[in-house]
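Okay, structure first, notes after.
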Amino acid sequence: MLNLPLRYSLCLVLGACGGGASGPDASLADASSPDASLADASSPDASPPDASPPDAGPPDASPPDARARDVSLPDFSLPDAAAPPVCEDVVAERSLLLVSSTLAAGRLGLNHASTGEDILGPSGSPLVDPAAPLQPTLTLHDRPNGFDLEIVYENGTGLAQPLGMLTLRGLKLDAPSIVRRTFRDSATSTDPWSSADPEVVTFPSPSAPACTDFCYLGPTSYPRGMYSPLTVLSDTRYHVGIALHYPLLEYRHSVMFDLKSESVAGDPTRRAYWLDLVFPDAGAAFEDGVLAAGATRSYTLAVRVVPSSEHWLHTVVPYRNSFRSLYGGVRYERDPRPVVGALTAFGELCAEDNPYGMLPLNRADVRGWSPWVDETLTALTEGYERAMLWTPTGVYCTNQQHNYPSQFMTQMLAVPMMRDTQDELLRIPQAGLDSGFWWGRATKIMRSWDVDESVPLDPEEAEHVALAYAELDRAVALGATTIGLDAFADAQGDWMGYEWLQALQSRAPGVKFVTEAFTSDLVHSLAPTFTEAAPYRGPHELADFLLPGNEIWGQVRYDQAFPNDPQWFNRDNLERQAEIARTASIGMVPVVMHDSTTLLSSYEAAETWRATIPVELQGPCEGR
């Protein structure tokens with residue numbers, strides 16, 4: 001979620017940010033974090049005088065086509081959702097390293113066939129704890145550069161049983177330094193070992209110092225937190241890719257990748273790494289992390305090792321083929337054009353005479369929508385063709401922990417000036433500017449304005465669907481061609497998010513949806529996703545490999561682009577252009593908060609997958 005620092009609020013209030021005219025910037029806060037407020041700001045305890053009573057619901061002032069549509073429950077048909085690609089899109093594996101694999105007494109081994117060097121194991125830990133209630137059947141399959149381990153759980157106990165975890169122990173890599181690719185969104189990560197580049201963490205580092213004996217390197221989870229259920233570990237000799245293949249939409253549970261390391265007795269040049277793959281327990285909310293009595297589930301643990309002289313993407317070819325066979329490729333039309341963004345309100349501005357926290361210069365609750373529309377349309381003269389408006393109905397002032405509000409459209413009907421001038425918003429698409437609105441807390445239900453109530457959206461609840469569709473229908477009626485889905489990672493699981501996103505797309509087929517924060521590969525196949533650009537030092541290579549033609553929105557932040565300059569807001573236009581150009585060059589759509597940054601070029605997001613994917617790994621369905 002955008003959570004703007006106080007300085008940006010004051011910049012907007014005053015209409016300038018100093019000599020450099022660098023205006024509001026934004027940061028992605030954790031979805032549970034409230035907007036900050038001024039220490040002395042007063043917040044209203046009740047709805048403003050011009051608002052409808054809290055429980056009255058919006059008056060019936062909708063455009064004719066916005067309330068006549070049905071609110072029937074969406075049909076989540078899995079076969080449709082998981083339709084395979086049109087052509088046989090399989091990338092062949094090449095034999096790049098001669099290895100041999102073993103499975104003995106539940107313990108895995110992997111050796112360099114020529115030198116006999118142990119790459120994996122043996123160790124004292126079997127893959128499955130012998131005391132676990134379920135003991136899966138393990139079948140080892142040799143593959144080029146590694147192995148596939150088929151893991152089949154059958155629950156014949158008569159009671160639901162937890163799946164527990166898998167332990168891959170004894171992977172020997174260089175000491176003291178390795179590179180770990182985790183493919184997280186560092187803009188929202190709370191992991192103490194997050195790095196400047198979300199894809200790469202190097203050990204040791206200032207935040208992850210070297211350790212002489214045991215080292216706990218921290219967990220990451222898929223689908224929330226990791227782009228894909230895989231990690232790649234690299235040293236001076238090898239890239240080792242470890243992936244877990246399973247049908248997420250069917251099994252509906254996450255998996256945690258928990259990495260640790262320890263010293264190797266008698267060999268100070270190497271360390272042994274082990275990875276726990278942890279399934280959610282029976283108490284995990286919204287997740288089916290247990291196996292029902294009489295049920296069967298099958299997983300594949302794919303391990304690949306290639307020489308460090310080769311591209312690490314070779315180690316994730318099996319996962320790429322599995323993913324594409326289940327979910328296909330990108331299912332939306334990529335738009336590389338930059339976006340200009342603006343906010344109407346900030347929690348810092350809440351006061352008794354400003355119950356929606358609106359910016360005073362163009363308060364839509366007082367002056368109507370015409371001033372905001374006039375301001376937005378200046379983007380056309382500044383080189384933009386797409387616009388996105390955050391907080392169109394303001395923010396909660398009393399219950400700021402629930403910002404941004406999910407009533408991003410219908411609350412207009414409770415504010416006379418907004419309601420009576422809402423047709424002004426149609427001037428944006430009529431002028432040729434793509435019109436976008438950001439849907440606050442898009443997977444939450446808030447029934448009344450500024451009350452302490454927020455419940456997870458349940459697509460099987462007719463009331464929830466009706467309330468969500470009321471917001472969507474009004475946005476469409478007011479000309480929206482793009483809708484941002486705020487805090488979409490708050491969905492009960494990416495399986496629900498995937499299904500609900502399809503329902504929204506079916507309801508509004510002419511709208512492009514953009515998810516926030518950076519979503520998993522599964523959801524990214526359906527819609528573009530949003531993150532901060534500054535932490536990324538290069539293209540998202542895994543996204544390029546799995547989903548060539550994907551669209552990623554990268555928010556341009558000048559405070560992060562010039563982190564050592566306390567006067568970053570005074571940077572001149574050419575310097576700010578450089579950060580916009582850099583964002584586009586790494587394949588991200590630049591999202592520039594409206595601060596009078598006139599574009600000096602088109603700055604369209606580069607088609608980075610044409611360069612990041614080695615020629616031998618380019619599949620037949622990439623459209624090159």
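Letters A, B, ... mark the chains of the structure tokens in the order given; residue numbers begin at 1 per chain; ligand numbers begin at 1, in order shown.
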
List the neighbours of Thr315 of chain A out to 6 Å using only C-alpha atoms; skip same-chain residues closer than 2 positions along the sequence, and give me the result as number ranges by chain. A: 241, 304, 312-313, 317

If we count only C-alpha atoms, what is near Ala611 of chain A at a cut-off of 12 Å, once residues fewer than 2 positions away on the same chain are taken out, given as a list of chain:residue names? A:Gly538, A:Pro539, A:His540, A:Glu541, A:Asp544, A:Phe545, A:Pro548, A:Ser585, A:Ile586, A:Gly587, A:Ala606, A:Glu607, A:Thr608, A:Trp609, A:Ile613, A:Pro614, A:Val615, A:Leu617, A:Gln618, A:Arg624

Let me see the file: selected residues, N, CA, C and O atoms, as an mmCIF file, in the first residue's frame.
data_model
loop_
_atom_site.group_PDB
_atom_site.id
_atom_site.type_symbol
_atom_site.label_atom_id
_atom_site.label_comp_id
_atom_site.auth_asym_id
_atom_site.auth_seq_id
_atom_site.Cartn_x
_atom_site.Cartn_y
_atom_site.Cartn_z
ATOM 1 N N GLY A 538 18.221 -5.031 -11.624
ATOM 2 C CA GLY A 538 18.157 -5.571 -12.970
ATOM 3 C C GLY A 538 16.784 -6.177 -13.204
ATOM 4 O O GLY A 538 15.910 -6.125 -12.335
ATOM 5 N N PRO A 539 16.562 -6.765 -14.362
ATOM 6 C CA PRO A 539 15.254 -7.370 -14.667
ATOM 7 C C PRO A 539 14.940 -8.515 -13.714
ATOM 8 O O PRO A 539 15.842 -9.136 -13.135
ATOM 9 N N HIS A 540 13.681 -8.797 -13.550
ATOM 10 C CA HIS A 540 13.245 -9.959 -12.764
ATOM 11 C C HIS A 540 13.382 -11.173 -13.681
ATOM 12 O O HIS A 540 12.458 -11.540 -14.405
ATOM 13 N N GLU A 541 14.530 -11.814 -13.609
ATOM 14 C CA GLU A 541 14.853 -12.861 -14.580
ATOM 15 C C GLU A 541 13.937 -14.078 -14.460
ATOM 16 O O GLU A 541 13.624 -14.719 -15.459
ATOM 17 N N ASP A 544 10.755 -13.237 -16.160
ATOM 18 C CA ASP A 544 10.981 -13.243 -17.608
ATOM 19 C C ASP A 544 10.986 -14.667 -18.158
ATOM 20 O O ASP A 544 10.509 -14.921 -19.265
ATOM 21 N N PHE A 545 11.561 -15.595 -17.392
ATOM 22 C CA PHE A 545 11.672 -16.972 -17.854
ATOM 23 C C PHE A 545 10.326 -17.692 -17.808
ATOM 24 O O PHE A 545 9.941 -18.374 -18.761
ATOM 25 N N PRO A 548 7.391 -14.700 -20.021
ATOM 26 C CA PRO A 548 7.834 -13.653 -20.950
ATOM 27 C C PRO A 548 6.632 -12.885 -21.472
ATOM 28 O O PRO A 548 5.607 -13.471 -21.799
ATOM 29 N N SER A 585 14.316 0.581 -18.175
ATOM 30 C CA SER A 585 15.338 -0.260 -18.805
ATOM 31 C C SER A 585 15.395 -1.654 -18.193
ATOM 32 O O SER A 585 15.849 -2.591 -18.845
ATOM 33 N N ILE A 586 14.956 -1.818 -16.940
ATOM 34 C CA ILE A 586 14.977 -3.143 -16.321
ATOM 35 C C ILE A 586 13.617 -3.840 -16.466
ATOM 36 O O ILE A 586 13.324 -4.813 -15.767
ATOM 37 N N GLY A 587 12.793 -3.327 -17.378
ATOM 38 C CA GLY A 587 11.556 -4.011 -17.726
ATOM 39 C C GLY A 587 10.347 -3.619 -16.910
ATOM 40 O O GLY A 587 9.294 -4.243 -17.035
ATOM 41 N N ALA A 606 11.161 -1.941 -21.039
ATOM 42 C CA ALA A 606 11.892 -2.764 -22.002
ATOM 43 C C ALA A 606 11.389 -4.201 -21.985
ATOM 44 O O ALA A 606 10.948 -4.713 -20.953
ATOM 45 N N GLU A 607 11.461 -4.851 -23.125
ATOM 46 C CA GLU A 607 11.105 -6.270 -23.231
ATOM 47 C C GLU A 607 12.332 -7.092 -22.829
ATOM 48 O O GLU A 607 12.998 -7.721 -23.654
ATOM 49 N N THR A 608 12.591 -7.111 -21.533
ATOM 50 C CA THR A 608 13.864 -7.654 -21.042
ATOM 51 C C THR A 608 14.002 -9.150 -21.273
ATOM 52 O O THR A 608 15.130 -9.658 -21.352
ATOM 53 N N TRP A 609 12.894 -9.884 -21.358
ATOM 54 C CA TRP A 609 13.004 -11.327 -21.540
ATOM 55 C C TRP A 609 13.708 -11.696 -22.837
ATOM 56 O O TRP A 609 14.224 -12.800 -22.977
ATOM 57 N N ILE A 613 16.842 -14.358 -21.159
ATOM 58 C CA ILE A 613 16.698 -15.799 -21.315
ATOM 59 C C ILE A 613 17.712 -16.300 -22.331
ATOM 60 O O ILE A 613 17.709 -15.866 -23.490
ATOM 61 N N PRO A 614 18.586 -17.212 -21.943
ATOM 62 C CA PRO A 614 19.533 -17.771 -22.917
ATOM 63 C C PRO A 614 18.793 -18.374 -24.111
ATOM 64 O O PRO A 614 17.690 -18.912 -23.959
ATOM 65 N N VAL A 615 19.397 -18.276 -25.263
ATOM 66 C CA VAL A 615 18.743 -18.731 -26.496
ATOM 67 C C VAL A 615 18.295 -20.177 -26.385
ATOM 68 O O VAL A 615 17.198 -20.547 -26.809
ATOM 69 N N LEU A 617 17.201 -21.722 -23.972
ATOM 70 C CA LEU A 617 16.088 -21.925 -23.046
ATOM 71 C C LEU A 617 14.808 -21.231 -23.511
ATOM 72 O O LEU A 617 13.823 -21.210 -22.785
ATOM 73 N N GLN A 618 14.842 -20.679 -24.690
ATOM 74 C CA GLN A 618 13.659 -19.994 -25.201
ATOM 75 C C GLN A 618 12.693 -21.020 -25.775
ATOM 76 O O GLN A 618 13.032 -21.791 -26.666
ATOM 77 N N ARG A 624 8.773 -14.886 -30.260
ATOM 78 C CA ARG A 624 9.921 -14.056 -30.639
ATOM 79 C C ARG A 624 10.027 -13.919 -32.149
ATOM 80 O O ARG A 624 9.883 -14.877 -32.855
#

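Candidate residues A:Ile580, A:Met358, A:Val415, A:Met496 were compared for distance to Phe286 of chain A, and the nearest is A:Met496, using only C-alpha atoms.
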
Non-local contacts of Ser602 of chain A (12 Å; only C-alpha atoms; under 5 positions in same chain excluded) as an MDAnalysis selection string: chainID A and resid 336:339 382:385 577 580:581 584:585 589:590

Check the DSSP output for the backbone and give back, as an NGL selection string, the residues of segment 374-435 of chain A in helix (DSSP H, G or I). :A and (374-382 or 400-402 or 410-414 or 416-430)

Can you spit out the residues from that selection as an mmCIF file, in the first residue's frame, using C-alpha atoms?
data_model
loop_
_atom_site.group_PDB
_atom_site.id
_atom_site.type_symbol
_atom_site.label_atom_id
_atom_site.label_comp_id
_atom_site.auth_asym_id
_atom_site.auth_seq_id
_atom_site.Cartn_x
_atom_site.Cartn_y
_atom_site.Cartn_z
ATOM 1 C CA ASP A 374 -8.086 19.522 -14.550
ATOM 2 C CA GLU A 375 -4.913 18.690 -12.644
ATOM 3 C CA THR A 376 -4.896 15.084 -13.884
ATOM 4 C CA LEU A 377 -5.290 16.118 -17.508
ATOM 5 C CA THR A 378 -2.061 18.134 -17.359
ATOM 6 C CA ALA A 379 -0.370 14.725 -17.529
ATOM 7 C CA LEU A 380 -1.131 14.688 -21.252
ATOM 8 C CA THR A 381 1.130 17.692 -21.792
ATOM 9 C CA GLU A 382 3.831 16.090 -19.649
ATOM 10 C CA GLN A 400 -6.565 4.639 10.147
ATOM 11 C CA GLN A 401 -5.476 1.053 10.731
ATOM 12 C CA HIS A 402 -7.910 0.103 7.950
ATOM 13 C CA THR A 410 -19.384 4.082 -3.432
ATOM 14 C CA GLN A 411 -18.453 6.539 -0.668
ATOM 15 C CA MET A 412 -18.722 9.277 -3.286
ATOM 16 C CA LEU A 413 -22.481 8.864 -3.036
ATOM 17 C CA ALA A 414 -22.406 9.869 0.642
ATOM 18 C CA PRO A 416 -22.815 15.652 -1.952
ATOM 19 C CA MET A 417 -20.030 17.484 -3.814
ATOM 20 C CA MET A 418 -18.429 14.234 -4.930
ATOM 21 C CA ARG A 419 -21.749 12.679 -5.852
ATOM 22 C CA ASP A 420 -23.044 15.691 -7.789
ATOM 23 C CA THR A 421 -19.806 16.159 -9.789
ATOM 24 C CA GLN A 422 -18.798 12.531 -10.337
ATOM 25 C CA ASP A 423 -19.448 12.752 -14.076
ATOM 26 C CA GLU A 424 -16.479 15.123 -14.260
ATOM 27 C CA LEU A 425 -14.273 12.046 -13.924
ATOM 28 C CA LEU A 426 -15.445 10.921 -17.362
ATOM 29 C CA ARG A 427 -13.495 13.817 -18.852
ATOM 30 C CA ILE A 428 -10.281 11.875 -18.200
ATOM 31 C CA PRO A 429 -10.915 9.013 -20.658
ATOM 32 C CA GLN A 430 -12.760 11.370 -22.995
#

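In the backbone-derived DSSP annotation, strand (DSSP E) within segment 350-503 of chain A comprises Arg386, Ala387, Met388, Leu389, Trp390, Asp434, Ser435, Gly436, Phe437, Trp438, Trp439, Lys444, Ile445, Val455, Pro456, Thr482, Ile483, Gly484 and Leu485 of chain A.
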
Could those selected residues go to a file with N, CA, C and O atoms, as an mmCIF file, in the first residue's frame?
data_model
loop_
_atom_site.group_PDB
_atom_site.id
_atom_site.type_symbol
_atom_site.label_atom_id
_atom_site.label_comp_id
_atom_site.auth_asym_id
_atom_site.auth_seq_id
_atom_site.Cartn_x
_atom_site.Cartn_y
_atom_site.Cartn_z
ATOM 1 N N ARG A 386 -1.227 7.332 -19.318
ATOM 2 C CA ARG A 386 -1.953 6.539 -18.327
ATOM 3 C C ARG A 386 -1.902 7.254 -16.982
ATOM 4 O O ARG A 386 -0.845 7.772 -16.595
ATOM 5 N N ALA A 387 -3.032 7.267 -16.272
ATOM 6 C CA ALA A 387 -3.103 7.928 -14.971
ATOM 7 C C ALA A 387 -3.765 6.995 -13.966
ATOM 8 O O ALA A 387 -4.658 6.218 -14.311
ATOM 9 N N MET A 388 -3.314 7.063 -12.718
ATOM 10 C CA MET A 388 -3.885 6.268 -11.640
ATOM 11 C C MET A 388 -4.140 7.179 -10.444
ATOM 12 O O MET A 388 -3.244 7.912 -10.022
ATOM 13 N N LEU A 389 -5.370 7.123 -9.919
ATOM 14 C CA LEU A 389 -5.762 7.956 -8.786
ATOM 15 C C LEU A 389 -5.926 7.082 -7.550
ATOM 16 O O LEU A 389 -6.771 6.183 -7.515
ATOM 17 N N TRP A 390 -5.096 7.352 -6.536
ATOM 18 C CA TRP A 390 -5.216 6.658 -5.247
ATOM 19 C C TRP A 390 -6.190 7.420 -4.344
ATOM 20 O O TRP A 390 -6.385 8.624 -4.491
ATOM 21 N N ASP A 434 -5.805 7.235 -20.303
ATOM 22 C CA ASP A 434 -6.311 6.038 -19.644
ATOM 23 C C ASP A 434 -6.580 6.346 -18.180
ATOM 24 O O ASP A 434 -5.713 6.860 -17.472
ATOM 25 N N SER A 435 -7.772 6.002 -17.719
ATOM 26 C CA SER A 435 -8.213 6.380 -16.385
ATOM 27 C C SER A 435 -8.119 5.197 -15.437
ATOM 28 O O SER A 435 -8.648 4.113 -15.714
ATOM 29 N N GLY A 436 -7.430 5.383 -14.309
ATOM 30 C CA GLY A 436 -7.281 4.312 -13.339
ATOM 31 C C GLY A 436 -7.646 4.764 -11.935
ATOM 32 O O GLY A 436 -7.433 5.920 -11.561
ATOM 33 N N PHE A 437 -8.208 3.844 -11.144
ATOM 34 C CA PHE A 437 -8.511 4.082 -9.734
ATOM 35 C C PHE A 437 -7.909 2.951 -8.911
ATOM 36 O O PHE A 437 -7.939 1.793 -9.324
ATOM 37 N N TRP A 438 -7.391 3.296 -7.726
ATOM 38 C CA TRP A 438 -6.777 2.307 -6.852
ATOM 39 C C TRP A 438 -7.802 1.856 -5.816
ATOM 40 O O TRP A 438 -8.288 2.660 -5.035
ATOM 41 N N TRP A 439 -8.102 0.564 -5.833
ATOM 42 C CA TRP A 439 -9.115 -0.027 -4.961
ATOM 43 C C TRP A 439 -8.474 -0.380 -3.624
ATOM 44 O O TRP A 439 -7.760 -1.357 -3.490
ATOM 45 N N LYS A 444 -10.702 -6.998 1.257
ATOM 46 C CA LYS A 444 -11.378 -6.805 2.532
ATOM 47 C C LYS A 444 -12.787 -6.271 2.290
ATOM 48 O O LYS A 444 -13.050 -5.613 1.287
ATOM 49 N N ILE A 445 -13.674 -6.552 3.234
ATOM 50 C CA ILE A 445 -15.026 -6.013 3.199
ATOM 51 C C ILE A 445 -15.181 -5.034 4.356
ATOM 52 O O ILE A 445 -14.952 -5.385 5.522
ATOM 53 N N VAL A 455 -13.242 -7.308 7.345
ATOM 54 C CA VAL A 455 -13.236 -8.766 7.332
ATOM 55 C C VAL A 455 -12.724 -9.246 5.982
ATOM 56 O O VAL A 455 -12.900 -8.574 4.960
ATOM 57 N N PRO A 456 -12.068 -10.396 5.949
ATOM 58 C CA PRO A 456 -11.581 -10.918 4.666
ATOM 59 C C PRO A 456 -12.731 -11.188 3.702
ATOM 60 O O PRO A 456 -13.771 -11.727 4.082
ATOM 61 N N THR A 482 -8.305 0.939 -15.909
ATOM 62 C CA THR A 482 -7.337 0.241 -15.072
ATOM 63 C C THR A 482 -7.783 0.366 -13.623
ATOM 64 O O THR A 482 -8.225 1.436 -13.197
ATOM 65 N N ILE A 483 -7.671 -0.726 -12.869
ATOM 66 C CA ILE A 483 -7.989 -0.701 -11.436
ATOM 67 C C ILE A 483 -6.853 -1.383 -10.689
ATOM 68 O O ILE A 483 -6.501 -2.532 -10.980
ATOM 69 N N GLY A 484 -6.275 -0.665 -9.734
ATOM 70 C CA GLY A 484 -5.258 -1.243 -8.875
ATOM 71 C C GLY A 484 -5.905 -1.966 -7.714
ATOM 72 O O GLY A 484 -6.876 -1.473 -7.134
ATOM 73 N N LEU A 485 -5.396 -3.131 -7.388
ATOM 74 C CA LEU A 485 -5.938 -3.950 -6.306
ATOM 75 C C LEU A 485 -4.983 -3.866 -5.121
ATOM 76 O O LEU A 485 -4.004 -4.594 -5.033
#

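Using only C-alpha atoms, the contacts of Pro405 of chain A at a cut-off of 7 Å, with sequence neighbours closer than 4 positions omitted, comprise A:Val395, A:Tyr396, A:Gly440, A:Arg441.
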
Take the residues from that selection and write them out as a CSV table (one decimal), in the first residue's frame, keeping all heavy atoms.
chain,number,residue,atom,x,y,z
A,395,VAL,N,-9.5,9.1,3.0
A,395,VAL,CA,-9.0,8.0,3.9
A,395,VAL,C,-9.8,8.0,5.2
A,395,VAL,O,-10.6,9.0,5.5
A,395,VAL,CB,-7.5,8.3,4.3
A,395,VAL,CG1,-6.6,8.2,3.1
A,395,VAL,CG2,-7.3,9.7,5.0
A,396,TYR,N,-9.7,7.0,6.0
A,396,TYR,CA,-10.3,6.9,7.3
A,396,TYR,C,-9.4,7.8,8.2
A,396,TYR,O,-8.2,7.7,8.2
A,396,TYR,CB,-10.2,5.5,7.8
A,396,TYR,CG,-11.3,4.5,7.3
A,396,TYR,CD1,-12.2,4.9,6.3
A,396,TYR,CD2,-11.4,3.2,7.8
A,396,TYR,CE1,-13.1,4.0,5.8
A,396,TYR,CE2,-12.3,2.4,7.3
A,396,TYR,CZ,-13.2,2.8,6.3
A,396,TYR,OH,-14.1,1.9,5.9
A,440,GLY,N,-8.7,0.4,-2.6
A,440,GLY,CA,-8.1,0.2,-1.3
A,440,GLY,C,-8.6,-1.1,-0.7
A,440,GLY,O,-9.7,-1.6,-0.9
A,441,ARG,N,-7.6,-1.8,0.0
A,441,ARG,CA,-7.9,-3.1,0.7
A,441,ARG,C,-8.8,-4.0,-0.2
A,441,ARG,O,-9.9,-4.3,0.2
A,441,ARG,CB,-8.5,-2.8,2.0
A,441,ARG,CG,-7.7,-2.0,3.0
A,441,ARG,CD,-6.6,-2.7,3.6
A,441,ARG,NE,-5.8,-1.9,4.5
A,441,ARG,CZ,-4.9,-2.3,5.3
A,441,ARG,NH1,-4.6,-3.6,5.4
A,441,ARG,NH2,-4.2,-1.5,6.1

Could you pull the residues within 7 Å of segment 92-94 of chain A, counting only C-alpha atoms, minus those fewer than 2 positions along the same chain, as a PyMOL selection string? chain A and resi 90+96+144+317

List the neighbours of Gly116 of chain A out to 9 Å using only C-alpha atoms; skip same-chain residues closer than 4 positions along the sequence, and give me the result as a CSV table (one decimal) with all heavy atoms, in the first residue's frame.
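Generated output (result.csv):
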chain,number,residue,atom,x,y,z
A,99,VAL,N,26.3,-36.1,-13.2
A,99,VAL,CA,26.1,-36.4,-11.8
A,99,VAL,C,25.4,-37.7,-11.7
A,99,VAL,O,24.8,-38.3,-12.6
A,99,VAL,CB,25.3,-35.3,-11.1
A,99,VAL,CG1,26.0,-34.0,-11.2
A,99,VAL,CG2,23.9,-35.2,-11.8
A,111,ASN,N,26.3,-36.9,-6.5
A,111,ASN,CA,27.8,-36.9,-6.6
A,111,ASN,C,28.2,-36.5,-8.0
A,111,ASN,O,27.5,-36.7,-9.0
A,111,ASN,CB,28.3,-38.3,-6.4
A,111,ASN,CG,28.1,-38.8,-5.0
A,111,ASN,OD1,27.0,-39.2,-4.7
A,111,ASN,ND2,29.2,-38.9,-4.2
A,112,HIS,N,29.3,-35.8,-8.1
A,112,HIS,CA,29.9,-35.5,-9.3
A,112,HIS,C,30.5,-36.8,-9.9
A,112,HIS,O,31.3,-37.5,-9.3
A,112,HIS,CB,31.1,-34.5,-9.1
A,112,HIS,CG,31.6,-33.9,-10.4
A,112,HIS,ND1,32.2,-34.6,-11.4
A,112,HIS,CD2,31.6,-32.6,-10.8
A,112,HIS,CE1,32.5,-33.8,-12.4
A,112,HIS,NE2,32.2,-32.6,-12.1

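Atom CA of Arg143 of chain A is positioned 13.4 Å from atom CA of Ala113 of chain A.
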
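Atom CA of Arg252 of chain A is positioned 25.7 Å from atom CA of Lys512 of chain A.
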
So which residues touch Asp288 of chain A within 12 Å, counting only C-alpha atoms, skipping near sequence neighbours fewer than 6 positions away, as a PyMOL selection string? chain A and resi 160-163+248-255+279-282+297+492-493+495

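Closest to Tyr222 of chain A among A:Arg237, A:Lys260, A:Arg582, A:His245 is A:His245, based on only C-alpha atoms.
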
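Each of A:Ser234, A:Thr182, A:Thr393, A:Thr300 was checked against Asp258 of chain A using only C-alpha atoms; the smallest atom-to-atom distance is that of A:Thr182.
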